[in-house]
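Colleague: My structure is stored as work_28.cif, with mmCIF, C-alpha atoms (C1' of nucleotides) and all ligand atoms.
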data_input
#
loop_
_atom_site.label_atom_id
_atom_site.label_comp_id
_atom_site.auth_asym_id
_atom_site.auth_seq_id
_atom_site.Cartn_x
_atom_site.Cartn_y
_atom_site.Cartn_z
CA MET I 13 30.97 -275.46 59.46
CA LYS I 14 28.96 -273.99 56.64
CA TYR I 15 27.28 -274.97 53.47
CA SER I 16 29.48 -274.16 50.52
CA GLN I 17 28.82 -271.17 48.36
CA ALA I 18 28.13 -273.60 45.55
CA THR I 19 24.98 -274.60 47.39
CA ASP I 20 23.96 -270.98 47.47
CA TYR I 21 24.37 -270.71 43.72
CA ALA I 22 22.55 -273.96 43.10
CA LEU I 23 19.58 -272.97 45.21
CA HIS I 24 19.27 -269.66 43.44
CA ALA I 25 19.63 -271.26 40.05
CA MET I 26 16.92 -273.76 40.88
CA LEU I 27 14.68 -271.05 42.21
CA TYR I 28 15.08 -269.21 38.96
CA LEU I 29 14.34 -272.31 36.92
CA VAL I 30 11.26 -273.09 38.93
CA ALA I 31 10.00 -269.55 38.91
CA GLU I 32 10.57 -268.79 35.26
CA ALA I 33 10.17 -272.38 34.12
CA PRO I 34 9.21 -272.08 30.49
CA ASP I 35 9.31 -274.82 27.89
CA LYS I 36 12.52 -273.39 26.55
CA PRO I 37 15.69 -274.45 28.30
CA VAL I 38 17.64 -271.63 29.89
CA SER I 39 21.34 -271.40 29.19
CA VAL I 40 24.07 -271.34 31.77
CA GLN I 41 25.13 -268.04 30.27
CA LEU I 42 21.90 -266.37 31.32
CA LEU I 43 21.89 -267.98 34.75
CA ALA I 44 25.48 -267.02 35.39
CA GLU I 45 24.72 -263.45 34.48
CA LYS I 46 21.76 -263.33 36.84
CA LEU I 47 23.77 -264.77 39.71
CA GLY I 48 26.95 -262.87 39.05
CA VAL I 49 29.15 -265.92 38.76
CA SER I 50 31.27 -267.32 35.95
CA GLN I 51 29.67 -269.67 33.48
CA THR I 52 32.21 -272.41 33.78
CA TYR I 53 31.97 -272.53 37.51
CA LEU I 54 28.19 -272.48 37.61
CA SER I 55 28.09 -275.22 35.01
CA LYS I 56 29.81 -277.54 37.44
CA MET I 57 26.97 -277.19 39.90
CA LEU I 58 24.33 -277.53 37.24
CA THR I 59 25.98 -280.70 36.04
CA LYS I 60 25.71 -282.05 39.56
CA LEU I 61 22.03 -281.21 39.57
CA VAL I 62 21.68 -283.06 36.28
CA LYS I 63 23.37 -286.12 37.71
CA ALA I 64 21.09 -285.93 40.71
CA GLY I 65 18.16 -286.09 38.34
CA LEU I 66 16.71 -282.72 39.25
CA ILE I 67 17.16 -281.00 35.94
CA HIS I 68 17.66 -281.96 32.37
CA SER I 69 20.27 -280.63 30.00
CA VAL I 70 19.95 -279.93 26.31
CA SER I 71 23.09 -279.58 24.25
CA GLY I 72 23.50 -277.53 21.13
CA ALA I 73 22.11 -274.24 19.98
CA ASN I 74 19.19 -272.94 22.02
CA GLY I 75 20.04 -275.56 24.56
CA GLY I 76 20.38 -275.18 28.29
CA TYR I 77 18.74 -276.56 31.36
CA LYS I 78 15.16 -277.21 32.31
CA LEU I 79 13.43 -278.99 35.09
CA LYS I 80 13.15 -282.73 34.90
CA ARG I 81 10.78 -283.67 37.65
CA ASN I 82 7.53 -282.10 38.60
CA GLN I 83 8.61 -278.88 40.20
CA ASP I 84 6.55 -279.58 43.29
CA ASP I 85 8.70 -282.61 43.96
CA ILE I 86 11.96 -280.72 44.24
CA SER I 87 12.88 -280.06 47.82
CA PHE I 88 15.64 -278.02 49.40
CA LEU I 89 17.16 -281.25 50.55
CA ASP I 90 17.41 -282.53 46.99
CA VAL I 91 19.38 -279.50 45.89
CA ILE I 92 21.60 -279.37 48.94
CA GLN I 93 22.45 -283.05 48.81
CA ALA I 94 23.16 -282.86 45.11
CA ILE I 95 25.87 -280.32 45.83
CA GLU I 96 27.11 -281.20 49.29
CA GLY I 97 26.81 -284.93 48.99
CA THR I 98 25.09 -287.27 51.39
CA THR I 99 27.81 -288.12 53.84
CA SER I 100 26.71 -287.57 57.37
CA LEU I 101 27.59 -284.51 59.37
CA PHE I 102 29.57 -286.37 61.94
CA GLU I 103 31.84 -289.38 61.76
CA CYS I 104 33.79 -290.53 64.73
CA SER I 105 37.45 -291.43 64.47
CA PHE I 106 37.50 -294.67 66.40
CA HIS I 107 34.40 -296.64 65.50
CA HIS I 108 34.64 -298.92 68.46
CA ASP I 109 30.94 -299.44 68.68
CA SER I 110 28.68 -300.13 65.77
CA ALA I 111 25.75 -298.49 67.50
CA CYS I 112 27.61 -295.65 69.11
CA LEU I 113 25.60 -293.11 70.99
CA ILE I 114 27.56 -289.96 70.30
CA GLN I 115 27.27 -290.63 66.63
CA GLN I 116 23.65 -291.55 67.00
CA VAL I 117 22.70 -288.37 68.79
CA VAL I 118 24.23 -286.17 66.12
CA ALA I 119 22.77 -288.32 63.37
CA ASP I 120 19.36 -287.97 64.97
CA ALA I 121 19.66 -284.23 65.05
CA GLU I 122 20.77 -284.18 61.47
CA GLN I 123 17.73 -286.21 60.54
CA GLN I 124 15.53 -283.55 62.07
CA MET I 125 17.09 -280.95 59.86
CA MET I 126 16.86 -283.12 56.77
CA HIS I 127 13.22 -283.77 57.46
CA THR I 128 12.48 -280.08 57.45
CA LEU I 129 14.50 -279.52 54.31
CA LYS I 130 12.75 -282.38 52.58
CA ASN I 131 9.30 -281.04 53.29
CA LYS I 132 10.15 -277.61 51.98
CA LYS I 133 9.92 -277.43 48.22
CA ILE I 134 11.62 -274.86 46.05
CA ALA I 135 8.28 -274.07 44.50
CA ASP I 136 6.91 -273.07 47.90
CA LEU I 137 8.64 -269.74 47.82
CA VAL I 138 8.15 -268.75 44.24
CA PRO I 139 5.38 -266.30 45.19
CA HIS I 140 7.80 -264.46 47.47
CA ILE I 141 10.85 -263.92 45.35
CA PRO I 142 12.53 -260.67 46.32
CA LYS I 143 13.44 -258.13 43.70
CA PRO I 144 17.08 -258.21 42.70
CA MET Y 16 30.03 -280.15 54.92
CA LYS Y 17 31.11 -281.82 58.10
CA TYR Y 18 31.80 -281.04 61.70
CA SER Y 19 35.50 -280.69 62.28
CA GLN Y 20 37.46 -283.44 63.91
CA ALA Y 21 38.07 -281.06 66.77
CA THR Y 22 34.39 -281.40 67.65
CA ASP Y 23 34.85 -285.14 67.78
CA TYR Y 24 37.71 -284.78 70.23
CA ALA Y 25 35.84 -282.26 72.33
CA LEU Y 26 32.76 -284.44 72.62
CA HIS Y 27 34.81 -287.42 73.70
CA ALA Y 28 36.78 -285.38 76.16
CA MET Y 29 33.60 -284.04 77.69
CA LEU Y 30 32.10 -287.48 77.81
CA TYR Y 31 35.13 -288.67 79.71
CA LEU Y 32 34.98 -285.75 82.11
CA VAL Y 33 31.31 -286.29 82.79
CA ALA Y 34 31.64 -290.03 83.15
CA GLU Y 35 34.69 -290.09 85.37
CA ALA Y 36 34.00 -286.73 86.94
CA PRO Y 37 35.84 -286.88 90.23
CA ASP Y 38 36.73 -283.97 92.45
CA LYS Y 39 40.23 -284.08 91.12
CA PRO Y 40 40.90 -282.26 87.88
CA VAL Y 41 42.05 -284.47 85.03
CA SER Y 42 45.11 -283.40 83.08
CA VAL Y 43 45.26 -282.85 79.34
CA GLN Y 44 48.03 -285.40 79.29
CA LEU Y 45 45.70 -288.15 80.41
CA LEU Y 46 42.91 -287.06 78.12
CA ALA Y 47 45.19 -286.85 75.13
CA GLU Y 48 46.45 -290.33 75.82
CA LYS Y 49 42.93 -291.70 76.01
CA LEU Y 50 41.90 -290.05 72.76
CA GLY Y 51 45.10 -290.68 70.87
CA VAL Y 52 45.78 -287.07 70.04
CA SER Y 53 48.62 -284.72 70.90
CA GLN Y 54 48.45 -282.74 74.12
CA THR Y 55 49.05 -279.36 72.59
CA TYR Y 56 46.38 -279.81 69.98
CA LEU Y 57 43.79 -281.10 72.41
CA SER Y 58 44.54 -278.26 74.77
CA LYS Y 59 43.30 -275.83 72.15
CA MET Y 60 39.90 -277.40 72.20
CA LEU Y 61 39.78 -277.63 75.95
CA THR Y 62 40.65 -273.97 76.18
CA LYS Y 63 37.67 -273.23 73.96
CA LEU Y 64 35.48 -275.24 76.27
CA VAL Y 65 36.83 -273.22 79.17
CA LYS Y 66 36.02 -269.96 77.43
CA ALA Y 67 32.55 -271.26 76.69
CA GLY Y 68 32.10 -271.80 80.43
CA LEU Y 69 31.62 -275.54 80.24
CA ILE Y 70 34.68 -276.60 82.15
CA HIS Y 71 37.07 -275.08 84.59
CA SER Y 72 40.84 -275.17 84.46
CA VAL Y 73 43.27 -275.49 87.32
CA SER Y 74 46.88 -274.52 86.79
CA GLY Y 75 49.88 -275.92 88.54
CA ALA Y 76 50.79 -279.31 89.84
CA ASN Y 77 47.90 -281.74 90.07
CA GLY Y 78 45.92 -279.34 87.96
CA GLY Y 79 43.82 -280.06 84.94
CA TYR Y 80 40.23 -279.66 83.90
CA LYS Y 81 36.99 -280.34 85.65
CA LEU Y 82 33.37 -279.58 84.99
CA LYS Y 83 32.11 -276.17 85.83
CA ARG Y 84 28.36 -276.39 85.50
CA ASN Y 85 26.08 -279.05 86.73
CA GLN Y 86 26.79 -281.90 84.40
CA ASP Y 87 23.13 -282.32 83.58
CA ASP Y 88 23.16 -278.86 82.07
CA ILE Y 89 25.76 -279.58 79.45
CA SER Y 90 24.22 -280.35 76.11
CA PHE Y 91 25.68 -281.54 72.84
CA LEU Y 92 24.87 -278.15 71.42
CA ASP Y 93 27.00 -276.43 74.04
CA VAL Y 94 30.04 -278.47 73.13
CA ILE Y 95 29.54 -278.26 69.39
CA GLN Y 96 29.01 -274.52 69.42
CA ALA Y 97 32.02 -274.00 71.64
CA ILE Y 98 34.17 -275.57 68.97
CA GLU Y 99 32.43 -274.76 65.72
CA GLY Y 100 31.20 -271.33 66.63
CA THR Y 101 27.68 -270.03 66.31
CA THR Y 102 27.57 -268.65 62.81
CA SER Y 103 24.64 -269.98 60.89
CA LEU Y 104 24.88 -272.81 58.43
CA PHE Y 105 23.89 -270.75 55.46
CA GLU Y 106 24.54 -267.18 54.46
CA CYS Y 107 23.52 -265.86 51.10
CA SER Y 108 25.85 -263.80 48.96
CA PHE Y 109 23.54 -261.00 47.90
CA HIS Y 110 21.43 -260.07 50.93
CA HIS Y 111 18.84 -258.23 48.92
CA ASP Y 112 16.06 -258.97 51.30
CA SER Y 113 16.28 -258.72 55.03
CA ALA Y 114 13.71 -261.45 55.49
CA CYS Y 115 14.78 -263.69 52.67
CA LEU Y 116 12.99 -266.96 52.29
CA ILE Y 117 15.80 -269.19 51.09
CA GLN Y 118 17.82 -268.17 54.08
CA GLN Y 119 14.83 -268.54 56.34
CA VAL Y 120 14.07 -272.08 55.24
CA VAL Y 121 17.58 -273.26 55.91
CA ALA Y 122 17.74 -271.36 59.17
CA ASP Y 123 14.50 -273.02 60.24
CA ALA Y 124 15.89 -276.44 59.49
CA GLU Y 125 19.05 -275.64 61.38
CA GLN Y 126 16.96 -274.60 64.36
CA GLN Y 127 15.34 -278.02 64.34
CA MET Y 128 18.71 -279.64 64.60
CA MET Y 129 19.91 -277.29 67.29
CA HIS Y 130 16.81 -277.97 69.29
CA THR Y 131 17.52 -281.67 69.30
CA LEU Y 132 21.16 -281.12 70.19
CA LYS Y 133 20.20 -278.81 72.99
CA ASN Y 134 17.86 -281.29 74.59
CA LYS Y 135 20.41 -284.05 74.53
CA LYS Y 136 22.81 -283.83 77.43
CA ILE Y 137 26.24 -285.39 77.56
CA ALA Y 138 25.28 -287.04 80.81
CA ASP Y 139 22.43 -288.85 79.07
CA LEU Y 140 24.72 -291.40 77.54
CA VAL Y 141 27.10 -292.02 80.39
CA PRO Y 142 25.43 -295.35 81.21
CA HIS Y 143 26.16 -296.59 77.69
CA ILE Y 144 29.80 -295.80 77.16
CA PRO Y 145 31.38 -298.39 74.89
CA LYS Y 146 34.59 -300.07 75.87
CA PRO Y 147 37.66 -298.66 74.13
"C1'" DT Z 29 62.80 -269.73 97.60
"C1'" DC Z 30 63.15 -272.76 93.79
"C1'" DA Z 31 62.10 -276.38 90.78
"C1'" DT Z 32 58.38 -278.98 88.93
"C1'" DT Z 33 53.97 -279.45 87.05
"C1'" DC Z 34 50.40 -277.88 84.35
"C1'" DG Z 35 47.38 -274.64 81.47
"C1'" DT Z 36 47.61 -270.46 77.98
"C1'" DA Z 37 48.83 -268.13 74.04
"C1'" DG Z 38 50.92 -267.13 69.75
"C1'" DA Z 39 53.64 -268.07 65.75
"C1'" DC Z 40 54.26 -271.33 62.59
"C1'" DT Z 41 53.91 -275.31 59.20
"C1'" DT Z 42 51.35 -278.59 56.60
"C1'" DA Z 43 47.33 -280.77 54.52
"C1'" DT Z 44 42.87 -280.46 52.72
"C1'" DC Z 45 39.16 -278.57 50.39
"C1'" DG Z 46 36.45 -274.93 48.28
"C1'" DT Z 47 36.72 -271.61 44.63
"C1'" DA Z 48 37.69 -270.43 40.18
"C1'" DT Z 49 39.71 -270.47 35.43
"C1'" DC Z 50 41.07 -272.48 31.05
"C1'" DT Z 51 40.81 -275.63 27.40
"C1'" DA Z 52 39.43 -279.42 24.68
"C1'" DT Z 53 35.55 -282.26 23.37
"C1'" DA Z 54 30.88 -283.90 22.27
"C1'" DA Z 55 26.19 -282.95 20.98
"C1'" DT Z 56 22.65 -280.31 18.44
"C1'" DA Z 57 20.18 -276.65 15.82
"C1'" DT Z 58 20.22 -273.77 11.69
"C1'" DA H 7 29.47 -276.93 7.88
"C1'" DT H 8 29.29 -273.71 11.42
"C1'" DA H 9 27.78 -271.65 15.45
"C1'" DT H 10 26.09 -272.72 19.88
"C1'" DT H 11 25.86 -275.05 24.12
"C1'" DA H 12 26.81 -278.55 27.76
"C1'" DT H 13 30.61 -281.76 29.70
"C1'" DA H 14 34.93 -283.16 31.45
"C1'" DG H 15 39.59 -282.72 32.94
"C1'" DA H 16 43.59 -280.27 34.25
"C1'" DT H 17 45.21 -276.68 36.77
"C1'" DA H 18 45.91 -272.79 39.87
"C1'" DC H 19 44.68 -270.10 43.93
"C1'" DG H 20 43.02 -269.19 48.56
"C1'" DA H 21 40.94 -270.21 52.84
"C1'" DT H 22 40.42 -273.09 56.57
"C1'" DA H 23 41.37 -277.23 59.23
"C1'" DA H 24 44.93 -279.95 61.46
"C1'" DG H 25 48.86 -280.22 63.85
"C1'" DT H 26 53.55 -278.70 65.95
"C1'" DC H 27 56.77 -275.84 68.56
"C1'" DT H 28 58.09 -272.66 71.91
"C1'" DA H 29 57.83 -269.21 75.36
"C1'" DC H 30 55.12 -267.76 79.24
"C1'" DG H 31 52.34 -267.69 83.55
"C1'" DA H 32 50.14 -269.80 87.46
"C1'" DA H 33 50.01 -273.06 91.22
"C1'" DT H 34 52.07 -276.67 94.01
"C1'" DG H 35 55.20 -278.62 97.14
"C1'" DA H 36 59.75 -279.52 98.74
S1 LIG S 201 32.42 -293.56 71.49
FE1 LIG S 201 31.20 -293.63 69.59
S2 LIG S 201 31.72 -291.76 68.49
FE2 LIG S 201 33.31 -292.14 70.00
S3 LIG S 201 34.87 -293.32 68.94
FE3 LIG S 201 33.55 -294.80 69.95
S4 LIG S 201 32.05 -295.34 68.38
FE4 LIG S 201 33.01 -293.43 67.68
S1 LIG S 202 17.06 -264.40 47.43
FE1 LIG S 202 17.46 -264.48 49.64
S2 LIG S 202 19.18 -265.91 49.88
FE2 LIG S 202 19.12 -265.22 47.72
S3 LIG S 202 20.51 -263.47 47.66
FE3 LIG S 202 18.43 -262.69 47.95
S4 LIG S 202 18.30 -262.47 50.19
FE4 LIG S 202 20.02 -263.84 49.82
#
Represent the structure from my file as structure tokens, please.
Modeller:
Amino acid sequence: MKYSQATDYALHAMLYLVAEAPDKPVSVQLLAEKLGVSQTYLSKMLTKLVKAGLIHSVSGANGGYKLKRNQDDISFLDVIQAIEGTTSLFECSFHHDSACLIQQVVADAEQQMMHTLKNKKIADLVPHIPKP
Amino acid sequence: MKYSQATDYALHAMLYLVAEAPDKPVSVQLLAEKLGVSQTYLSKMLTKLVKAGLIHSVSGANGGYKLKRNQDDISFLDVIQAIEGTTSLFECSFHHDSACLIQQVVADAEQQMMHTLKNKKIADLVPHIPKP
DNA sequence: TCATTCGTAGACTTATCGTATCTATAATAT
DNA sequence: ATATTATAGATACGATAAGTCTACGAATGA
């Protein structure tokens, strides 16, 4: 069980947007080049981020993507859930109890993780970006 | 991103073993019937649990599986890791920094979850098993 | 000893999902 | 208008999960 590689791309793209966040939108072409991934594929993830309300897209010449919200509001959880979805980590196959304990234990644990990811903002690590 | 269904089966099998834990080993045939899954498939998971040192197998007539450790020592994390493996939730594609922050944030969050799963023992919810 | 019962292991098939590409379309700046 | 850029859908490919089948080995008991 792993996060998809798409999440990896999305996190890096967001980090770039937050770090270099100018007024000008940055094109998927530039981002894709930085990340070493194809434009068309990366655009799928960016579109998901748009639909999640994290970034804003501008069509046409000199268009691209820029942040929508205040950058300090964007957490790791936001990005991850935008890509991976919000379905819970564990779903039992039988459902014979509405308040089942196995499910509840795993859900609890997942909540712990989500809490940490929610409190960590992308902007938090801008000062520490490693050199590519 | 979800836990595999195999984890679901393994957790239920363990719960059954802990709850009904007699001296006599319980056969995969019985377990498979209880869980509504084929014997051969379930046996794969049980074999993983054996290799992880959680249960003990007895060959031959009247054989089967029984707990190895003290049942109070068996945590959710033990079972989950036996099935899913122990590779971390997130691995970046570039690795240009040995102490990368993106990776570290996610790893931290995962640790939170693992901590919760480690403190929760299978035996904890024996008193609350729902009726199938 | 021999047949029966039961776990182990590997090869194998099938289904599902992540990864990736291509193409057509809509929106916008110059 | 034309070039530029995001969006959407179809499609193909590959990896992994899910599940089956069969042969083998170990223990029991008759
Ligand atoms: S015991 Fe809980 S997790 Fe298992 S099948 Fe029933 S409701 Fe689902
Ligand atoms: S920034 Fe961190 S997570 Fe991203 S590629 Fe570099 S080391 Fe990996």
Colleague: Pull out every residue of chain Y that has at least one atom within 6 Å of chain Z, counting all atoms listed in the file, and report them as a count of residues only.
Modeller: 4
Colleague: Name the residues in contact with Leu46 in chain Y at a cut-off of 12 Å, using all atoms listed in the file, excluding same-chain residues fewer than 2 positions from it; report them as a VMD selection string.
Modeller: chain Y and resid 24 to 32 35 40 to 44 48 to 58 60 to 61 79 to 81
Colleague: Select residues of chain I: the criterion is any atom within 8 Å of an atom of chain Y, counting all atoms listed in the file; output as a PDB file with C-alpha atoms, in the coordinates of the input.
Modeller:
ATOM      1  CA  MET I  13      30.970-275.460  59.460  1.00  0.00           C
ATOM      2  CA  LYS I  14      28.960-273.990  56.640  1.00  0.00           C
ATOM      3  CA  TYR I  15      27.280-274.970  53.470  1.00  0.00           C
ATOM      4  CA  SER I  16      29.480-274.160  50.520  1.00  0.00           C
ATOM      5  CA  GLN I  17      28.820-271.170  48.360  1.00  0.00           C
ATOM      6  CA  ASP I  20      23.960-270.980  47.470  1.00  0.00           C
ATOM      7  CA  LEU I  23      19.580-272.970  45.210  1.00  0.00           C
ATOM      8  CA  GLU I  96      27.110-281.200  49.290  1.00  0.00           C
ATOM      9  CA  SER I 100      26.710-287.570  57.370  1.00  0.00           C
ATOM     10  CA  LEU I 101      27.590-284.510  59.370  1.00  0.00           C
ATOM     11  CA  PHE I 102      29.570-286.370  61.940  1.00  0.00           C
ATOM     12  CA  GLU I 103      31.840-289.380  61.760  1.00  0.00           C
ATOM     13  CA  CYS I 104      33.790-290.530  64.730  1.00  0.00           C
ATOM     14  CA  SER I 105      37.450-291.430  64.470  1.00  0.00           C
ATOM     15  CA  HIS I 108      34.640-298.920  68.460  1.00  0.00           C
ATOM     16  CA  ASP I 109      30.940-299.440  68.680  1.00  0.00           C
ATOM     17  CA  CYS I 112      27.610-295.650  69.110  1.00  0.00           C
ATOM     18  CA  LEU I 113      25.600-293.110  70.990  1.00  0.00           C
ATOM     19  CA  ILE I 114      27.560-289.960  70.300  1.00  0.00           C
ATOM     20  CA  VAL I 117      22.700-288.370  68.790  1.00  0.00           C
ATOM     21  CA  VAL I 118      24.230-286.170  66.120  1.00  0.00           C
ATOM     22  CA  ASP I 120      19.360-287.970  64.970  1.00  0.00           C
ATOM     23  CA  ALA I 121      19.660-284.230  65.050  1.00  0.00           C
ATOM     24  CA  GLU I 122      20.770-284.180  61.470  1.00  0.00           C
ATOM     25  CA  GLN I 123      17.730-286.210  60.540  1.00  0.00           C
ATOM     26  CA  GLN I 124      15.530-283.550  62.070  1.00  0.00           C
ATOM     27  CA  MET I 125      17.090-280.950  59.860  1.00  0.00           C
ATOM     28  CA  MET I 126      16.860-283.120  56.770  1.00  0.00           C
ATOM     29  CA  THR I 128      12.480-280.080  57.450  1.00  0.00           C
ATOM     30  CA  LEU I 129      14.500-279.520  54.310  1.00  0.00           C
ATOM     31  CA  LYS I 132      10.150-277.610  51.980  1.00  0.00           C
ATOM     32  CA  LEU I 137       8.640-269.740  47.820  1.00  0.00           C
ATOM     33  CA  HIS I 140       7.800-264.460  47.470  1.00  0.00           C
ATOM     34  CA  ILE I 141      10.850-263.920  45.350  1.00  0.00           C
ATOM     35  CA  PRO I 142      12.530-260.670  46.320  1.00  0.00           C
ATOM     36  CA  LYS I 143      13.440-258.130  43.700  1.00  0.00           C
ATOM     37  CA  PRO I 144      17.080-258.210  42.700  1.00  0.00           C
TER      38      PRO I 144
END
Colleague: Which is closest to chain Y among H:DA29, H:DA23, H:DA9, H:DA36, if we use only C-alpha atoms (C1' of nucleotides)?
Modeller: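 For chain Y, the nearest of the given residues is H:DA23.
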Colleague: Using atom S3 of ligand LIG 201 (chain S) and CA of Leu82 in chain Y as the two end points, give the distance in Å to one decimal.
Modeller: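 We find that atom S3 of ligand LIG 201 (chain S) and CA of Leu82 in chain Y lie 21.2 Å from each other.
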Colleague: Please report as a ChimeraX atom specification which residues of chain H come no farther than 12 Å from chain Y, using all atoms listed in the file.
Modeller: /H:22-28,31-35
Colleague: Just C-alpha atoms (C1' of nucleotides) for this one: save the residues we selected as a JSON list (two decimals), in the frame of the given file.
Modeller:
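Full text of again_38.json as output:
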[["chain", "number", "residue", "atom", "x", "y", "z"],
["H", 22, "DT", "C1'", 40.42, -273.09, 56.57],
["H", 23, "DA", "C1'", 41.37, -277.23, 59.23],
["H", 24, "DA", "C1'", 44.93, -279.95, 61.46],
["H", 25, "DG", "C1'", 48.86, -280.22, 63.85],
["H", 26, "DT", "C1'", 53.55, -278.70, 65.95],
["H", 27, "DC", "C1'", 56.77, -275.84, 68.56],
["H", 28, "DT", "C1'", 58.09, -272.66, 71.91],
["H", 31, "DG", "C1'", 52.34, -267.69, 83.55],
["H", 32, "DA", "C1'", 50.14, -269.80, 87.46],
["H", 33, "DA", "C1'", 50.01, -273.06, 91.22],
["H", 34, "DT", "C1'", 52.07, -276.67, 94.01],
["H", 35, "DG", "C1'", 55.20, -278.62, 97.14]]
Colleague: If you measure from atom FE4 of ligand LIG 202 (chain S) to CA of Gln119 in chain Y, what distance in Å do you get, rounded to one decimal?
Modeller: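 Answer for the atom FE4 of ligand LIG 202 (chain S) to CA of Gln119 in chain Y separation: 9.6 Å.
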Colleague: Using Å and a single decimal, report how far CA of Lys66 in chain Y sits from CA of Leu45 in chain Y.
Modeller: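 Going from CA of Leu45 in chain Y over to CA of Lys66 in chain Y covers 20.8 Å.
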Colleague: Between Y:Lys59, Y:Val33, Y:Pro142, Y:Ala47, which one has atoms that come closest to Asn85 in chain Y, using all atoms listed in the file?
Modeller: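 Smallest separation from Asn85 in chain Y among the options: Y:Val33.
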